[in-house]
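All remarks here apply to the structure that follows.
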Number of protein chains: 2
Amino acid sequence: MGGKRIRPLLVLLGCNVFTDKIEQAIYPSIALEVFHNFTLLHDDIMDNSEKRRNRPTVHMKWNQNVAILSGDAMLIKSYELLSRGPADCLQQLLGLFSKSAIEVCEGQQYDMDFENEREVTPEQYIRMIELKTAIIIATALKMGSILAGAPKKDADLMYEFGKNLGIAFQLQDDLLDVYANPSLFGKVTGNDIISNKKTFLLIQAIILASGNVKKELKRWLSLKKFNSKEKIFAIKKIYDKLQIKDLTMKCINSYHQQGLGLLENVNIDDSRKTELIAFTQTLLHRQK
Amino acid sequence: MGGKRIRPLLVLLGCNVFTDKIEQAIYPSIALEVFHNFTLLHDDIMDNSEKRRNRPTVHMKWNQNVAILSGDAMLIKSYELLSRGPADCLQQLLGLFSKSAIEVCEGQQYDMDFENEREVTPEQYIRMIELKTAIIIATALKMGSILAGAPKKDADLMYEFGKNLGIAFQLQDDLLDVYANPSLFGKVTGNDIISNKKTFLLIQAIILASGNVKKELKRWLSLKKFNSKEKIFAIKKIYDKLQIKDLTMKCINSYHQQGLGLLENVNIDDSRKTELIAFTQTLLHRQK
C-alpha cells in the first residue's frame, strides 16, 4: 500500500554518511518500516480510524481481532528482520530499537490522554510528538550510524539531529492536515479540525486568540453538530487571523536549523552529508 | 499477579540439563514469561474475557486501548529482556523466539476461526494447540539448551520433547476446565462448556456420541438460553457416558511418553535429566 518509507531511507542515508557499504543496513532498515506500519495498524484501532492511505484500515476491512493479531505479528516480524542484521552490533541495535519502541507506545498513550485533557501546553505537545514520531526518526539515523561503525559520539549527534528533524516533520504534518492539496496529500484535509485534535496549530490558536476570535473558536470547539466544510472554513479563518501558519513554519524552521547545527558537528567530511541534508529539505518542503 | 511461571522454569531446567551454569539463561527466561503474559493480555481482549487469574482483565479494569498498548509494550519488553542474554547466541535465540512468536499468533487465529467452524477434527485441534501452546514450551527448552551451548541435535530433541509435553499440558488444561477443584484451579470450572468451546473433550464427544446421547449433546450445544450449572452438569454426564476423561488422559499419557522417549535420546547422562522429568510429572498431574 505504499507509504513514504522515510524511516528505512533514513537508516540507509544515516549509514551512508559514514560509509559506502550500506548492504548490512538493509534488513534493519526494513525492520524499522515494518515496525512503523505496526504502530499505524494498532493506532488506527485505538483512534477508530476508518481510512489509511486512502483505503480501509485493517480493522474496518477485516475485524478488530485480525487487526490486533496482525499488528502483533508485524511487531514480531520487525524484530525478526532486525535480527538478520550483522551479529557484531545486534545487541546494541536491539537495545536502541526496544527503548525507542517503548517510547513510541508512551507517546501514543499521551496522544490519547490529550483528547480528554482540557488544556495541553505547547511543551507537552512537543514532548508527545517527540516520543511518538521524532524518536523513531532519530533511531533510524542512529541505527544507520551504528551499522556503519561510526564512533559513539557521532551516532549520538545523528540521533539528536534526527530528533529535531522528526519534530519538524510532525509539525509539518499538522500543517498539511489543514493546508495541503488533498489530491497530493493522499488523505482528506481538515480531519484534525473536525475532530478537535489538539495539534500544534490548535494549541497555539487557543493561546493566541482573544476577544471575539476566542469566543468564535470556543463555539466551534464545543459544537456537537456541525457542517464539516463550514467548520474547517471557520477554523482556517481563525488560524489565518492569528497567523498560525506562519508561526508553525517558523517553529519548523527553528527545529530544522537546530538539527542541521548538530549534523555539522558530526566528525566527517561535509561532502558526505549533502545527500542527507537534501533529503531533509524535500521532507520539510513536501506537499504530501 | 502470579501465574505458574512454567516457561521460564523450563528455560532454566532445559539449560540445567547440560550445565550447572544457568545465570546466563535468567534474562531470556524472563523474556519468555513476559512474552507469554503479553499473549494472555491480547488474547483476553480478542476473546472478550472478563477475568484472568481470578482478577479483572486489563481491558475490563482500564479500557481496550490501554490493553492493546500495554500488550504491545510487553512484547517489546520481552525482546528487550532477550537482548540482555549472552551476545554469542543472541542471533540464534532471536531467530527461534521470533519464529515461535509468529506461530503463537497463527495458533490464536486458528483458535478464533474454530469458533465459527461447524466441525473441527481432533487433528486440526492438536495442530492448533501445538502452535498456540506447545511451541512455546518447546522453545523454552530449546532456548535453555542453546544457552547451555548444547549440540544442535540435542537442542532439537529438547524442542521436540517440549512440543509433546506442551500438547499434553494443554490437553490437561482442557481436562481441568471440566474436572478441576475450583478452589485449587484459580478459576471457575466449566467455562469451556458454557461457551461451547471446541476443546479436545467436546470434539471427541461429538465424534463418539450416537443415538439419544448425540441428540442430547446437540440440544445443549444449540440452546441460546440455559442455566449454566445445569448445562455443565448435563455435558459432564455425557462426557462420563462416553468415557471422555479416560480417553483424554490416555492421550495425555501418550504424548507424555512420546516426549520422554525423545528426551532419552538426548546425549547426556540420565542423572542430569531427573529434575526436568520430575517437573514434567508434577505438571501433568497438577490439579490447577
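Chain labels run A, B, ... following the order of the C-alpha cells; each chain numbers its residues from 1, and ligands are numbered from 1 in the order shown.
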
Please provide as a list in words all residues within 12 Å of B:Gly259, with the sequence filter that same-chain residues fewer than 6 positions apart are discarded (counting only C-alpha atoms). Ala134, Ala138, Leu157, Met158, Tyr159, Glu160, Phe161, Gly162, Lys163, Asn164, Leu165, Gly166, Ile167, Ala168, Phe169, Ile252, Asn253, Asn265, Val266, Leu276, Ile277, Thr280 and Gln281 of chain B

- Message: If the cut-off is 10 Å, can you tell me the residues of chain A near chain B, counting only C-alpha atoms? I'd like them as JSON, numbers by chain.
- Response: {"A": [38, 39, 42, 43, 45, 46, 47, 64, 65, 66, 68, 69, 70, 71, 72, 73, 74, 75, 76, 77, 78, 79, 80, 81, 82, 83, 84, 85, 86, 87, 88, 89, 90, 91, 92, 93, 94, 95, 96, 97, 98, 99, 100, 101, 102, 103, 104, 105, 106, 108, 109, 112]}

Checklist line | From B:Val34, B:Ala180, B:Cys251, B:Ala150, residue lying nearest B:Pro122 [only C-alpha atoms] | finding: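 When distances to B:Pro122 are compared using only C-alpha atoms, the smallest one comes from B:Cys251.
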
Please report the interatomic distance between atom CA of B:Leu263 and atom CA of B:Lys245 in Å with one decimal.
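These atoms are spaced 26.8 Å apart.
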
**Q.** DSSP-assigned alpha helix (DSSP H) among stretch 166-282 of chain B, expressed as a PyMOL selection string
**A.** chain B and resi 166-179+182-185+191-194+200-208+211-222+228-241+244-264+274-282

Counting only C-alpha atoms, what is within 10 Å of B:Ala205, bar same-chain residues fewer than 4 positions away, as a PDB file with N, CA, C and O atoms, in the first residue's frame?
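Saved to part_35.pdb:
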```
ATOM      1  N   THR B 199     -13.057 -27.791  22.675  1.00  0.00           N
ATOM      2  CA  THR B 199     -11.870 -28.382  23.301  1.00  0.00           C
ATOM      3  C   THR B 199     -11.717 -29.811  22.811  1.00  0.00           C
ATOM      4  O   THR B 199     -12.593 -30.358  22.120  1.00  0.00           O
ATOM      5  N   PHE B 200     -10.603 -30.426  23.205  1.00  0.00           N
ATOM      6  CA  PHE B 200     -10.383 -31.829  22.851  1.00  0.00           C
ATOM      7  C   PHE B 200     -11.546 -32.682  23.334  1.00  0.00           C
ATOM      8  O   PHE B 200     -12.006 -33.587  22.630  1.00  0.00           O
ATOM      9  N   LEU B 201     -12.053 -32.370  24.528  1.00  0.00           N
ATOM     10  CA  LEU B 201     -13.133 -33.163  25.127  1.00  0.00           C
ATOM     11  C   LEU B 201     -14.402 -33.078  24.286  1.00  0.00           C
ATOM     12  O   LEU B 201     -15.023 -34.107  23.975  1.00  0.00           O
ATOM     13  N   ALA B 209     -20.435 -39.622  20.252  1.00  0.00           N
ATOM     14  CA  ALA B 209     -21.848 -39.699  20.644  1.00  0.00           C
ATOM     15  C   ALA B 209     -22.696 -40.273  19.519  1.00  0.00           C
ATOM     16  O   ALA B 209     -22.426 -40.044  18.339  1.00  0.00           O
ATOM     17  N   SER B 210     -23.721 -41.012  19.905  1.00  0.00           N
ATOM     18  CA  SER B 210     -24.677 -41.526  18.915  1.00  0.00           C
ATOM     19  C   SER B 210     -26.046 -41.637  19.577  1.00  0.00           C
ATOM     20  O   SER B 210     -26.161 -41.542  20.806  1.00  0.00           O
ATOM     21  N   VAL B 213     -27.767 -39.899  23.072  1.00  0.00           N
ATOM     22  CA  VAL B 213     -26.693 -39.089  23.637  1.00  0.00           C
ATOM     23  C   VAL B 213     -26.324 -37.982  22.658  1.00  0.00           C
ATOM     24  O   VAL B 213     -26.110 -36.832  23.040  1.00  0.00           O
ATOM     25  N   LYS B 214     -26.270 -38.318  21.392  1.00  0.00           N
ATOM     26  CA  LYS B 214     -25.943 -37.351  20.353  1.00  0.00           C
ATOM     27  C   LYS B 214     -26.994 -36.240  20.309  1.00  0.00           C
ATOM     28  O   LYS B 214     -26.675 -35.048  20.228  1.00  0.00           O
ATOM     29  N   LEU B 217     -26.632 -34.029  23.328  1.00  0.00           N
ATOM     30  CA  LEU B 217     -25.448 -33.159  23.185  1.00  0.00           C
ATOM     31  C   LEU B 217     -25.751 -32.006  22.237  1.00  0.00           C
ATOM     32  O   LEU B 217     -25.491 -30.831  22.540  1.00  0.00           O
ATOM     33  N   ILE B 235     -23.535 -31.785  30.369  1.00  0.00           N
ATOM     34  CA  ILE B 235     -22.431 -32.110  29.450  1.00  0.00           C
ATOM     35  C   ILE B 235     -21.430 -33.043  30.140  1.00  0.00           C
ATOM     36  O   ILE B 235     -20.923 -33.992  29.529  1.00  0.00           O
ATOM     37  N   ILE B 238     -22.662 -36.460  29.910  1.00  0.00           N
ATOM     38  CA  ILE B 238     -22.412 -37.022  28.570  1.00  0.00           C
ATOM     39  C   ILE B 238     -20.950 -37.460  28.454  1.00  0.00           C
ATOM     40  O   ILE B 238     -20.653 -38.560  27.976  1.00  0.00           O
ATOM     41  N   TYR B 239     -20.055 -36.591  28.906  1.00  0.00           N
ATOM     42  CA  TYR B 239     -18.622 -36.944  28.886  1.00  0.00           C
ATOM     43  C   TYR B 239     -18.387 -38.250  29.651  1.00  0.00           C
ATOM     44  O   TYR B 239     -17.626 -39.113  29.209  1.00  0.00           O
ATOM     45  N   ASP B 240     -19.060 -38.378  30.813  1.00  0.00           N
ATOM     46  CA  ASP B 240     -18.876 -39.584  31.625  1.00  0.00           C
ATOM     47  C   ASP B 240     -19.339 -40.818  30.862  1.00  0.00           C
ATOM     48  O   ASP B 240     -18.652 -41.837  30.835  1.00  0.00           O
ATOM     49  N   LYS B 241     -20.522 -40.683  30.244  1.00  0.00           N
ATOM     50  CA  LYS B 241     -21.068 -41.812  29.476  1.00  0.00           C
ATOM     51  C   LYS B 241     -20.105 -42.243  28.381  1.00  0.00           C
ATOM     52  O   LYS B 241     -19.949 -43.428  28.096  1.00  0.00           O
ATOM     53  N   LEU B 242     -19.481 -41.270  27.740  1.00  0.00           N
ATOM     54  CA  LEU B 242     -18.596 -41.573  26.600  1.00  0.00           C
ATOM     55  C   LEU B 242     -17.153 -41.816  27.045  1.00  0.00           C
ATOM     56  O   LEU B 242     -16.273 -42.020  26.215  1.00  0.00           O
ATOM     57  N   GLN B 243     -16.945 -41.785  28.339  1.00  0.00           N
ATOM     58  CA  GLN B 243     -15.598 -42.004  28.910  1.00  0.00           C
ATOM     59  C   GLN B 243     -14.546 -41.047  28.340  1.00  0.00           C
ATOM     60  O   GLN B 243     -13.419 -41.432  28.016  1.00  0.00           O
ATOM     61  N   ILE B 244     -14.953 -39.814  28.219  1.00  0.00           N
ATOM     62  CA  ILE B 244     -14.084 -38.790  27.633  1.00  0.00           C
ATOM     63  C   ILE B 244     -12.883 -38.488  28.514  1.00  0.00           C
ATOM     64  O   ILE B 244     -11.773 -38.268  28.022  1.00  0.00           O
TER      65      ILE B 244
END
```

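In this model, the gap between atom CA of B:Asn212 and atom CA of B:Asn181 comes to 29.7 Å.
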
Between atom CA of B:Val120 and atom CA of B:Glu216 lies a distance of 19.5 Å

For A:Leu221: contacts at 10 Å, only C-alpha atoms, fewer than 4 positions along chain excluded, given as a list in words |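 The filter keeps Ile193, Ile194, Ser195, Asn196, Lys197, Lys215, Glu216, Leu217, Lys231 and Ile235 of chain A.
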
Expected file: the selected residues, C-alpha atoms, as a CSV table (one decimal), in the first residue's frame:
```
chain,number,residue,atom,x,y,z
A,193,ILE,CA,-10.1,20.3,12.7
A,194,ILE,CA,-13.2,18.2,12.5
A,195,SER,CA,-12.2,16.0,15.5
A,196,ASN,CA,-10.8,18.9,17.6
A,197,LYS,CA,-7.5,17.2,17.6
A,215,LYS,CA,-15.4,33.2,21.5
A,216,GLU,CA,-15.7,32.1,17.9
A,217,LEU,CA,-13.0,29.4,18.4
A,231,LYS,CA,-16.2,24.2,10.5
A,235,ILE,CA,-11.2,27.4,11.9
```
